[in-house]
file model_22.cif (mmCIF, C-alpha atoms and all ligand atoms)
data_coords
loop_
_atom_site.label_atom_id
_atom_site.label_comp_id
_atom_site.auth_asym_id
_atom_site.auth_seq_id
_atom_site.Cartn_x
_atom_site.Cartn_y
_atom_site.Cartn_z
CA MET D 1234 -25.52 16.85 0.09
CA GLY D 1235 -27.29 14.39 -2.23
CA PHE D 1236 -25.39 14.36 -5.43
CA GLY D 1237 -25.15 17.23 -3.74
CA ARG D 1238 -21.50 18.08 -3.49
CA PRO D 1239 -21.46 21.49 -5.21
CA ALA D 1240 -19.48 21.38 -8.40
CA GLY D 1241 -17.35 24.27 -7.23
CA ALA D 1242 -16.34 22.45 -4.08
CA PHE D 1243 -15.50 19.39 -6.10
CA ARG D 1244 -13.40 21.42 -8.50
CA THR D 1245 -11.52 22.81 -5.52
CA LEU D 1246 -10.81 19.31 -4.32
CA LEU D 1247 -9.78 18.29 -7.79
CA GLY D 1248 -7.45 21.28 -7.85
CA GLN D 1249 -5.88 20.11 -4.63
CA LEU D 1250 -5.27 16.70 -6.12
CA ILE D 1251 -3.72 18.17 -9.24
CA LEU D 1252 -1.50 20.32 -7.05
CA LEU D 1253 -0.43 17.26 -5.08
CA THR D 1254 0.47 15.60 -8.33
CA GLN D 1255 2.60 18.52 -9.42
CA ILE D 1256 4.44 18.66 -6.12
CA VAL D 1257 5.67 15.13 -6.56
CA LEU D 1258 6.21 15.37 -10.28
CA ILE D 1259 9.91 15.29 -10.90
CA ALA D 1260 11.00 15.33 -14.49
CA GLN D 1261 13.23 12.34 -14.22
CA ALA D 1262 12.32 9.40 -16.36
CA HIS D 1263 13.53 5.90 -15.68
CA PRO D 1264 13.62 2.99 -18.07
CA TYR D 1265 10.79 0.58 -17.66
CA GLY D 1266 10.92 -3.09 -18.41
CA ASN D 1267 9.01 -6.18 -17.50
CA HIS D 1268 10.36 -8.00 -14.51
CA PRO D 1269 8.95 -10.92 -12.59
CA THR D 1270 6.95 -10.03 -9.52
CA PHE D 1271 8.01 -11.31 -6.18
CA PRO D 1272 5.50 -11.65 -3.44
CA VAL D 1273 5.91 -9.79 -0.24
CA GLY D 1274 6.01 -11.51 3.10
CA VAL D 1275 5.07 -10.68 6.65
CA GLU D 1276 5.61 -12.47 9.88
CA GLU D 1277 3.50 -11.72 12.89
CA ASN D 1278 5.12 -10.40 15.99
CA LEU D 1279 4.66 -12.68 18.95
CA HIS D 1280 6.82 -10.89 21.46
CA PRO D 1281 6.97 -7.27 22.52
CA VAL D 1282 9.67 -5.19 20.94
CA VAL D 1283 11.93 -3.54 23.46
CA ALA D 1284 14.04 -0.44 23.10
CA ARG D 1285 17.48 -1.14 21.78
CA ALA D 1286 20.71 0.36 23.00
CA SER D 1287 22.80 0.21 19.87
CA GLU D 1288 21.89 2.95 17.45
CA ALA D 1289 25.20 3.21 15.69
CA GLN D 1290 24.25 1.07 12.71
CA PHE D 1291 21.21 3.14 11.79
CA THR D 1292 21.02 6.52 10.09
CA ALA D 1293 17.87 8.64 10.13
CA LEU D 1294 16.64 9.99 6.79
CA PRO D 1295 17.12 13.77 6.43
CA SER D 1296 13.41 14.49 5.71
CA SER D 1297 11.94 11.62 7.70
CA GLY D 1298 13.81 11.38 10.95
CA ARG D 1299 11.82 8.44 12.28
CA ILE D 1300 12.69 6.28 9.29
CA ARG D 1301 16.16 4.88 9.72
CA VAL D 1302 18.24 2.83 7.36
CA HIS D 1303 20.75 0.23 8.44
CA THR D 1304 24.28 0.40 7.07
CA SER D 1305 23.42 -2.59 4.84
CA CYS D 1306 20.96 -0.31 2.95
CA LEU D 1307 23.62 2.27 2.19
CA ARG D 1308 25.40 -0.30 0.04
CA HIS D 1309 22.48 -0.06 -2.41
CA PHE D 1310 21.52 3.61 -2.31
CA ASP D 1311 22.95 6.63 -0.60
CA LEU D 1312 21.05 8.47 2.10
CA ASN D 1313 19.65 11.08 -0.28
CA GLN D 1314 18.26 8.39 -2.58
CA TRP D 1315 16.50 6.72 0.32
CA ASP D 1316 15.22 10.11 1.40
CA SER D 1317 13.82 10.98 -2.02
CA THR D 1318 12.21 7.54 -2.29
CA ILE D 1319 10.32 8.20 0.93
CA ASN D 1320 9.43 11.71 -0.26
CA GLN D 1321 7.88 10.16 -3.38
CA LEU D 1322 5.96 7.77 -1.16
CA LYS D 1323 4.65 10.75 0.80
CA GLY D 1324 3.26 12.19 -2.44
CA VAL D 1325 1.38 8.99 -3.23
CA ALA D 1326 0.21 8.63 0.38
CA ASN D 1327 -1.04 12.20 0.64
CA TYR D 1328 -2.91 11.95 -2.64
CA GLY D 1329 -4.37 8.62 -1.54
CA LYS D 1330 -5.60 10.12 1.71
CA VAL D 1331 -7.46 12.93 -0.09
CA ALA D 1332 -8.82 10.63 -2.80
CA THR D 1333 -10.04 8.04 -0.29
CA GLN D 1334 -11.88 10.74 1.66
CA MET D 1335 -13.45 11.92 -1.62
CA THR D 1336 -14.53 8.38 -2.43
CA LEU D 1337 -16.11 7.93 0.99
CA ASP D 1338 -17.86 11.31 0.70
CA MET D 1339 -19.15 10.33 -2.73
CA ILE D 1340 -20.88 7.26 -1.32
CA ASN D 1341 -22.21 9.08 1.75
CA ASP D 1342 -23.45 12.04 -0.29
CA ASN D 1343 -25.35 9.68 -2.58
CA MET D 1344 -26.76 7.34 0.03
CA LYS D 1345 -30.29 8.36 -1.02
CA ASN D 1346 -29.49 8.87 -4.68
CA ASP D 1347 -29.93 5.80 -6.87
CA ASN D 1348 -28.60 7.42 -10.01
CA PRO D 1349 -25.91 9.97 -9.21
CA THR D 1350 -24.25 12.06 -11.87
CA LEU D 1351 -20.55 11.68 -11.32
CA HIS D 1352 -17.60 13.66 -12.61
CA PRO D 1353 -15.26 11.41 -14.64
CA GLN D 1354 -12.68 11.78 -11.86
CA GLN D 1355 -15.22 10.71 -9.26
CA ARG D 1356 -16.22 7.81 -11.46
CA ARG D 1357 -12.71 6.50 -11.91
CA MET D 1358 -12.23 6.60 -8.14
CA ILE D 1359 -15.45 4.76 -7.33
CA ASP D 1360 -14.88 2.33 -10.21
CA LEU D 1361 -11.45 1.36 -8.86
CA PHE D 1362 -12.75 1.21 -5.32
CA MET D 1363 -15.57 -1.13 -6.36
CA VAL D 1364 -13.25 -3.46 -8.25
CA LEU D 1365 -10.90 -3.69 -5.28
CA TYR D 1366 -13.23 -3.53 -2.28
CA GLY D 1367 -16.65 -4.64 -3.51
CA SER D 1368 -19.28 -3.36 -5.90
CA PHE D 1369 -22.85 -2.19 -5.41
CA ARG D 1370 -25.70 -0.79 -7.44
CA TRP D 1371 -26.60 2.76 -6.48
CA ASP D 1372 -30.24 1.71 -6.00
CA ASP D 1373 -29.24 -1.06 -3.58
CA VAL D 1374 -28.94 0.80 -0.30
CA ALA D 1375 -27.93 -2.24 1.74
CA ALA D 1376 -25.07 -3.09 -0.62
CA LYS D 1377 -24.09 0.57 -0.77
CA MET D 1378 -23.88 0.71 3.02
CA ARG D 1379 -21.72 -2.40 3.14
CA VAL D 1380 -19.20 -0.86 0.76
CA ARG D 1381 -19.46 2.49 2.55
CA ASP D 1382 -18.47 0.79 5.82
CA ARG D 1383 -15.43 -0.66 4.09
CA ALA D 1384 -14.60 2.78 2.70
CA VAL D 1385 -14.69 4.17 6.25
CA ARG D 1386 -11.99 1.70 7.24
CA VAL D 1387 -9.90 2.19 4.11
CA ASN D 1388 -10.17 5.94 4.69
CA ARG D 1389 -8.77 5.45 8.17
CA MET D 1390 -5.93 3.33 6.77
CA ALA D 1391 -5.12 5.96 4.16
CA ALA D 1392 -5.00 8.63 6.87
CA LEU D 1393 -2.78 6.51 9.14
CA PHE D 1394 -0.47 5.84 6.21
CA ALA D 1395 -0.19 9.46 5.05
CA ASN D 1396 -0.14 11.09 8.47
CA GLY D 1397 2.49 8.71 9.79
CA LEU D 1398 4.76 9.66 6.90
CA ILE D 1399 4.02 13.35 6.57
CA GLN D 1400 3.78 14.19 10.25
CA ASN D 1401 6.79 12.00 10.85
CA THR D 1402 5.22 9.94 13.60
CA ALA D 1403 5.76 6.44 12.22
CA ASN D 1404 8.95 4.69 13.27
CA TRP D 1405 10.54 2.35 10.75
CA ASN D 1406 13.90 0.64 10.56
CA PHE D 1407 15.07 -0.67 7.21
CA PHE D 1408 17.46 -3.58 6.82
CA CYS D 1409 18.83 -4.56 3.42
CA ASP D 1410 20.56 -7.79 4.30
CA GLU D 1411 18.64 -10.72 5.72
CA SER D 1412 21.86 -12.11 7.20
CA GLU D 1413 21.51 -9.37 9.79
CA TRP D 1414 18.97 -11.74 11.28
CA VAL D 1415 20.51 -14.76 12.94
CA LEU D 1416 19.34 -17.47 15.28
CA ASP D 1417 19.07 -16.41 18.86
CA PRO D 1418 21.43 -18.50 21.00
CA ASN D 1419 19.56 -17.42 24.12
CA VAL D 1420 16.31 -19.18 23.36
CA PRO D 1421 15.84 -22.01 25.85
CA PRO D 1422 16.14 -25.42 24.17
CA GLU D 1423 12.74 -26.51 25.45
CA ILE D 1424 11.12 -24.02 23.08
CA PRO D 1425 10.68 -25.99 19.87
CA THR D 1426 10.70 -23.09 17.44
CA LYS D 1427 13.87 -21.22 16.78
CA PHE D 1428 13.86 -17.46 17.05
CA TRP D 1429 15.19 -14.60 15.03
CA TRP D 1430 17.01 -11.72 16.47
CA ILE D 1431 18.99 -8.80 15.18
CA LYS D 1432 22.68 -9.39 15.02
CA ASP D 1433 24.78 -7.26 17.34
CA LEU D 1434 21.79 -5.60 18.90
CA PRO D 1435 20.99 -6.27 22.53
CA ALA D 1436 17.32 -6.74 21.82
CA GLY D 1437 15.08 -6.97 18.82
CA PRO D 1438 11.83 -8.50 17.67
CA ARG D 1439 12.07 -12.16 18.51
CA MET D 1440 10.23 -14.20 15.97
CA PRO D 1441 9.54 -17.87 15.44
CA LYS D 1442 11.66 -19.20 12.64
CA LEU D 1443 9.20 -20.27 9.99
CA SER D 1444 11.45 -20.89 7.02
CA ASP D 1445 15.08 -21.42 6.11
CA SER D 1446 15.77 -17.74 5.89
CA LEU D 1447 13.82 -14.63 6.76
CA CYS D 1448 13.30 -13.84 3.09
CA THR D 1449 12.00 -17.28 2.16
CA ILE D 1450 8.23 -17.43 2.41
CA PRO D 1451 7.16 -20.27 4.72
CA ASP D 1452 5.82 -23.36 2.94
CA ASP D 1453 2.40 -23.10 4.52
CA TYR D 1454 2.02 -19.35 4.09
CA LYS D 1455 -1.67 -18.52 3.78
CA ALA D 1456 -1.32 -16.19 0.81
CA GLY D 1457 0.69 -18.77 -1.12
CA TYR D 1458 4.14 -18.62 -2.71
CA GLY D 1459 5.60 -20.91 -0.04
CA GLY D 1460 9.32 -21.47 -0.55
CA VAL D 1461 9.61 -18.46 -2.85
CA GLN D 1462 11.92 -15.54 -2.15
CA ALA D 1463 10.02 -12.46 -0.93
CA GLU D 1464 10.77 -8.90 -2.04
CA ALA D 1465 10.68 -7.74 1.52
CA VAL D 1466 9.58 -8.91 4.94
CA THR D 1467 8.03 -6.76 7.62
CA LEU D 1468 8.28 -7.48 11.30
CA THR D 1469 5.73 -5.61 13.33
CA ALA D 1470 6.03 -3.90 16.65
CA GLU D 1471 3.31 -3.53 19.21
CA HIS D 1472 1.13 -0.50 18.67
CA ILE D 1473 2.89 1.77 21.10
CA GLN D 1474 3.96 5.25 20.09
CA GLY D 1475 7.66 5.25 19.38
CA ASN D 1476 7.99 1.54 18.70
CA PRO D 1477 9.62 0.86 15.36
CA ASN D 1478 8.58 -1.67 12.74
CA TRP D 1479 11.19 -3.39 10.62
CA ILE D 1480 11.29 -3.87 6.87
CA THR D 1481 13.98 -6.20 5.60
CA PHE D 1482 14.54 -5.79 1.87
CA CYS D 1483 15.54 -9.07 0.28
CA ASP D 1484 18.00 -9.92 -2.48
CA GLY D 1485 16.39 -9.41 -5.86
CA VAL D 1486 14.21 -6.52 -4.76
CA TRP D 1487 16.45 -3.80 -6.10
CA GLU D 1488 14.93 -3.71 -9.57
CA VAL D 1489 11.65 -2.47 -8.13
CA PHE D 1490 13.43 0.67 -7.10
CA GLN D 1491 14.30 1.44 -10.71
CA PHE D 1492 11.03 3.19 -11.46
CA GLN D 1493 8.71 5.62 -9.72
CA THR D 1494 4.95 5.80 -9.81
CA HIS D 1495 4.87 9.56 -10.29
CA ILE D 1496 6.56 9.48 -13.69
CA TRP D 1497 3.19 8.47 -15.20
CA HIS D 1498 2.16 12.08 -14.66
CA LEU D 1499 4.65 13.22 -17.26
CA PRO D 1500 2.71 14.12 -20.43
CA ASP D 1501 4.46 11.63 -22.69
CA LYS D 1502 4.18 8.80 -20.15
CA LYS D 1503 0.51 9.62 -19.62
CA ALA D 1504 -0.10 9.40 -23.37
CA GLU D 1505 1.85 6.16 -23.56
CA ALA D 1506 -0.21 4.55 -20.78
CA LEU D 1507 -3.49 5.53 -22.47
CA ARG D 1508 -2.34 4.58 -25.96
CA ASN D 1509 -1.23 1.12 -24.85
CA ALA D 1510 -3.99 0.63 -22.26
CA TYR D 1511 -1.38 -0.54 -19.79
CA PHE D 1512 -2.34 -2.77 -16.91
CA LEU D 1513 -2.27 -1.12 -13.50
CA ALA D 1514 -0.29 -4.12 -12.27
CA ASP D 1515 2.45 -3.40 -14.81
CA MET D 1516 2.43 0.35 -14.23
CA ILE D 1517 3.13 0.02 -10.52
CA ASN D 1518 5.02 -3.25 -10.49
CA ASN D 1519 8.57 -2.01 -10.34
CA THR D 1520 8.00 0.85 -7.96
CA PRO D 1521 9.07 1.36 -4.38
CA GLU D 1522 5.72 3.10 -3.83
CA ARG D 1523 3.88 -0.15 -4.57
CA LEU D 1524 6.22 -2.19 -2.41
CA LEU D 1525 6.35 0.25 0.48
CA ALA D 1526 2.62 0.95 0.66
CA HIS D 1527 2.16 -2.81 0.96
CA GLU D 1528 4.87 -3.27 3.59
CA PHE D 1529 3.91 -0.28 5.69
CA THR D 1530 0.40 -1.64 6.25
CA HIS D 1531 1.98 -4.63 7.99
CA GLY D 1532 3.35 -2.27 10.63
CA LYS D 1533 1.20 -2.60 13.70
CA GLY D 1534 3.17 0.21 15.28
CA GLN D 1535 1.71 2.54 12.63
CA PHE D 1536 -1.64 0.95 11.73
CA GLY D 1537 -2.76 -0.58 15.02
CA GLU D 1538 -6.05 -2.42 14.58
CA TYR D 1539 -6.03 -1.44 10.87
CA LEU D 1540 -2.99 -3.66 10.32
CA GLY D 1541 -2.87 -5.19 6.84
CA ARG D 1542 -2.37 -8.90 6.35
CA ASP D 1543 -1.61 -11.08 3.37
CA GLU D 1544 -4.75 -12.77 2.08
CA VAL D 1545 -3.77 -12.84 -1.60
CA TYR D 1546 -1.29 -11.11 -3.90
CA GLY D 1547 -1.73 -9.46 -7.28
CA TRP D 1548 -4.48 -7.83 -9.35
CA VAL D 1549 -6.30 -10.96 -10.53
CA GLU D 1550 -6.41 -12.45 -7.05
CA ILE D 1551 -7.43 -9.29 -5.25
CA VAL D 1552 -10.24 -8.60 -7.72
CA GLU D 1553 -11.48 -12.15 -7.16
CA LEU D 1554 -11.20 -11.69 -3.41
CA ALA D 1555 -13.44 -8.60 -3.60
CA LYS D 1556 -16.08 -10.54 -5.56
CA LYS D 1557 -16.01 -13.54 -3.26
CA ASP D 1558 -16.19 -11.41 -0.13
CA ASN D 1559 -18.76 -8.90 -1.38
CA ALA D 1560 -21.61 -10.19 0.77
CA GLN D 1561 -19.64 -9.60 3.95
CA THR D 1562 -21.67 -7.26 6.19
CA ASP D 1563 -19.01 -6.66 8.85
CA ALA D 1564 -16.37 -4.27 7.50
CA THR D 1565 -13.94 -5.32 10.23
CA GLN D 1566 -14.01 -8.82 8.70
CA SER D 1567 -13.79 -7.65 5.08
CA LYS D 1568 -10.93 -9.56 3.47
CA PRO D 1569 -10.20 -6.90 0.84
CA VAL D 1570 -9.97 -4.28 3.59
CA ILE D 1571 -7.60 -6.48 5.56
CA ASN D 1572 -5.50 -7.48 2.54
CA ALA D 1573 -2.26 -5.51 2.25
CA ASP D 1574 -1.97 -5.86 -1.52
CA THR D 1575 -5.48 -4.49 -2.06
CA PHE D 1576 -4.50 -1.34 -0.18
CA THR D 1577 -1.37 -0.78 -2.23
CA TYR D 1578 -3.28 -1.24 -5.51
CA TRP D 1579 -5.87 1.25 -4.28
CA ILE D 1580 -3.42 3.91 -3.09
CA ASN D 1581 -1.16 3.64 -6.13
CA GLY D 1582 -3.97 3.12 -8.65
CA VAL D 1583 -6.00 6.10 -7.51
CA PHE D 1584 -2.85 8.24 -7.71
CA LEU D 1585 -2.75 7.63 -11.47
CA GLU D 1586 -5.53 10.09 -12.24
CA MET D 1587 -5.08 9.73 -16.01
CA CYS D 1588 -6.55 6.21 -15.88
CA ASN D 1589 -9.86 4.59 -15.04
CA PHE D 1590 -8.76 1.09 -14.03
CA ARG D 1591 -12.21 -0.52 -13.85
CA SER D 1592 -10.99 -3.25 -16.25
CA GLY D 1593 -7.50 -3.42 -14.80
CA ARG D 1594 -6.23 -1.48 -17.81
CA CYS D 1595 -5.69 2.26 -18.22
CA GLU D 1596 -8.79 3.77 -19.84
CA ASP D 1597 -9.28 7.49 -20.35
CA PRO D 1598 -11.54 8.63 -17.47
CA ASP D 1599 -13.62 10.93 -19.70
CA GLN D 1600 -14.29 8.16 -22.18
CA ALA D 1601 -14.92 5.58 -19.46
CA ALA D 1602 -17.52 7.91 -17.94
CA GLN D 1603 -19.41 7.85 -21.26
CA THR D 1604 -19.69 4.06 -21.16
CA PRO D 1605 -20.42 3.04 -17.61
CA GLN D 1606 -20.07 -0.66 -17.05
CA ASN D 1607 -20.36 -3.28 -14.41
CA SER D 1608 -22.73 -3.19 -11.53
CA ASP D 1609 -22.93 0.55 -11.14
CA SER D 1610 -24.61 0.95 -14.53
CA SER D 1611 -27.49 -1.34 -13.78
ZN ZN E 1701 2.63 -8.70 2.76
#
call {"tool": "encode", "arguments": {"input": "model_22.cif", "output": "structure tokens"}}
result
Amino acid sequence: MGFGRPAGAFRTLLGQLILLTQIVLIAQAHPYGNHPTFPVGVEENLHPVVARASEAQFTALPSSGRIRVHTSCLRHFDLNQWDSTINQLKGVANYGKVATQMTLDMINDNMKNDNPTLHPQQRRMIDLFMVLYGSFRWDDVAAKMRVRDRAVRVNRMAALFANGLIQNTANWNFFCDESEWVLDPNVPPEIPTKFWWIKDLPAGPRMPKLSDSLCTIPDDYKAGYGGVQAEAVTLTAEHIQGNPNWITFCDGVWEVFQFQTHIWHLPDKKAEALRNAYFLADMINNTPERLLAHEFTHGKGQFGEYLGRDEVYGWVEIVELAKKDNAQTDATQSKPVINADTFTYWINGVFLEMCNFRSGRCEDPDQAAQTPQNSDSS
């Protein structure tokens, strides 16, 4: 369609996004403070997960029957609070799916256009995408195609994320006490690494023991933070329909559940974010949506070959990763595409439609569109 997407069609899409926002907008403000960030860990699954006989310690969420919380989680929040947390995540995920498709369309529609005229909402999407996944000049077709190929993969990830939640096809078990994981006495002594298993369950994901406790990040962990306590750890299942993945929430994580991403859509919060030019990192820091979008991508049972891994954590590092990796021509090897934290910054950042985050701070999209910057202006 060249620049080509008719304005009317774009307005319709924009209307859909606004509607999505309103659906998840619940007038319930939570106090916001600055808290230290904890990195998020993952350990790779080395052994197939088998079906487990004991179901008694898990309760399915009322609106998301394939997400089940262990009794240890009900000490922190009741079932309805867990349910509403996942419903909020569905709002962010669904918005992210639509917005990622729009971003991909925007690149495809302008493949032959070296100077597209973009709506401020389109611009804030492509600006954030470029910062996180790699930038290009619109007159550089080769660079544009490289980023387009990454957008194809991110679009698939966004769809897997949203569809798994909304169509209720993704199986997740939540633990909220790492002591539920104990050493497996059945591992033969000739195997040098010790293995984790789930206490009281006849079978579970058996994992090499890489650190003193499940929630302690291994010393040699690639993404850093070795020896530090994680917010949560995900154990992945094989990509077989029906197989669950496990998230274990660690001690100290509970403050991130104090806030919700969607409250930035409230008029006074929106104004506050713009007035103070808040950092995206701070706006999403203490939110379960940020944490869960990160953790879910580690679930091979949901994401399959689009599984997210930990390359680096945090805004500064992921922006640097995108710059360093920008010459990559194979989207399947793109480190930003693979990196779990990049995905959660994208999904949660694009949800905040009141901000253009090209600088990492919240700028008014209409004003940002008047002063294009970075590579896309040249
Ligand atoms: Zn991770």
call {"tool": "atom_distance", "arguments": {"input": "model_22.cif", "atom1": "atom CA of D:Asp1501", "atom2": "atom CA of D:Tyr1578"}}
result
22.8 Å
call {"tool": "closest_atom_pairs", "arguments": {"input": "model_22.cif", "of": "stretch 1314-1389 of chain D", "to": "stretch 1503-1526 of chain D", "cutoff": "12 Å", "atoms": "only C-alpha atoms", "output": "JSON lines"}}
result
{"residue": "D:Gln1314", "atom": "CA", "partner": "D:Pro1521", "partner_atom": "CA", "distance": 11.7}
{"residue": "D:Trp1315", "atom": "CA", "partner": "D:Pro1521", "partner_atom": "CA", "distance": 10.3}
{"residue": "D:Ser1317", "atom": "CA", "partner": "D:Pro1521", "partner_atom": "CA", "distance": 11.0}
{"residue": "D:Thr1318", "atom": "CA", "partner": "D:Pro1521", "partner_atom": "CA", "distance": 7.2}
{"residue": "D:Ile1319", "atom": "CA", "partner": "D:Glu1522", "partner_atom": "CA", "distance": 8.4}
{"residue": "D:Asn1320", "atom": "CA", "partner": "D:Glu1522", "partner_atom": "CA", "distance": 10.0}
{"residue": "D:Gln1321", "atom": "CA", "partner": "D:Glu1522", "partner_atom": "CA", "distance": 7.4}
{"residue": "D:Leu1322", "atom": "CA", "partner": "D:Glu1522", "partner_atom": "CA", "distance": 5.4}
{"residue": "D:Lys1323", "atom": "CA", "partner": "D:Glu1522", "partner_atom": "CA", "distance": 9.0}
{"residue": "D:Gly1324", "atom": "CA", "partner": "D:Glu1522", "partner_atom": "CA", "distance": 9.5}
{"residue": "D:Val1325", "atom": "CA", "partner": "D:Glu1522", "partner_atom": "CA", "distance": 7.3}
{"residue": "D:Ala1326", "atom": "CA", "partner": "D:Ala1526", "partner_atom": "CA", "distance": 8.1}
{"residue": "D:Asn1327", "atom": "CA", "partner": "D:Ala1526", "partner_atom": "CA", "distance": 11.8}
{"residue": "D:Gly1329", "atom": "CA", "partner": "D:Ala1526", "partner_atom": "CA", "distance": 10.6}
{"residue": "D:Leu1361", "atom": "CA", "partner": "D:Leu1513", "partner_atom": "CA", "distance": 10.6}
call {"tool": "closest_residue", "arguments": {"input": "model_22.cif", "among": "D:Val1466, D:Ile1551, D:Leu1499, D:Ala1560", "to": "ligand ZN 1701 (chain E)", "atoms": "only C-alpha atoms and all ligand atoms"}}
result
D:Val1466
call {"tool": "residues_near_ligand", "arguments": {"input": "model_22.cif", "ligand": "ligand ZN 1701 (chain E)", "cutoff": "10 Å", "atoms": "all atoms listed in the file", "output": "JSON, numbers by chain"}}
result
{"D": [1272, 1273, 1274, 1275, 1276, 1456, 1463, 1464, 1465, 1466, 1467, 1524, 1525, 1526, 1527, 1528, 1529, 1530, 1531, 1541, 1542, 1543, 1544, 1545, 1546, 1572, 1573, 1574]}
call {"tool": "closest_residue", "arguments": {"input": "model_22.cif", "among": "D:Pro1477, D:Pro1349, D:Gly1459, D:Gly1485", "to": "D:Lys1533", "atoms": "only C-alpha atoms"}}
result
D:Pro1477
call {"tool": "residues_near_point", "arguments": {"input": "model_22.cif", "point": "(26.4, -1.2, 9.3)", "cutoff": "8 Å", "atoms": "all atoms listed in the file", "output": "VMD selection string"}}
result
chain D and resid 1289 to 1291 1303 to 1305
call {"tool": "closest_residue", "arguments": {"input": "model_22.cif", "among": "D:Gln1600, D:Asn1559, D:Gln1462, D:Gln1535", "to": "D:Ser1368", "atoms": "all atoms listed in the file"}}
result
D:Asn1559
call {"tool": "atom_distance", "arguments": {"input": "model_22.cif", "atom1": "atom CA of D:Leu1337", "atom2": "atom CA of D:Glu1596"}}
result
22.5 Å
call {"tool": "closest_residue", "arguments": {"input": "model_22.cif", "among": "D:Ile1399, D:Met1390, D:Cys1595, D:Val1489", "to": "D:Ser1296", "atoms": "only C-alpha atoms"}}
result
D:Ile1399
call {"tool": "closest_residue", "arguments": {"input": "model_22.cif", "among": "D:Gly1547, D:Asp1410, D:Gly1460, D:Thr1494", "to": "D:Thr1481", "atoms": "all atoms listed in the file"}}
result
D:Asp1410
call {"tool": "closest_residue", "arguments": {"input": "model_22.cif", "among": "D:Phe1369, D:Val1385, D:Gln1334, D:Asn1401", "to": "D:Gln1355", "atoms": "all atoms listed in the file"}}
result
D:Gln1334
call {"tool": "atom_distance", "arguments": {"input": "model_22.cif", "atom1": "atom CA of D:Leu1393", "atom2": "atom CA of D:Ile1450"}}
result
27.2 Å
call {"tool": "residues_around", "arguments": {"input": "model_22.cif", "residues": "D:Leu1312", "least_positions_apart": "2", "cutoff": "9 Å", "atoms": "all atoms listed in the file", "output": "list in words"}}
result
Thr1292, Ala1293, Leu1294, Pro1295, Val1302, Cys1306, Leu1307, Phe1310, Gln1314, Trp1315, Asp1316 and Ser1317 of chain D
call {"tool": "residues_around", "arguments": {"input": "model_22.cif", "residues": "D:Asp1563", "least_positions_apart": "4", "cutoff": "9 Å", "atoms": "only C-alpha atoms", "output": "ChimeraX atom specification"}}
result
/D:1379,1382-1383,1567
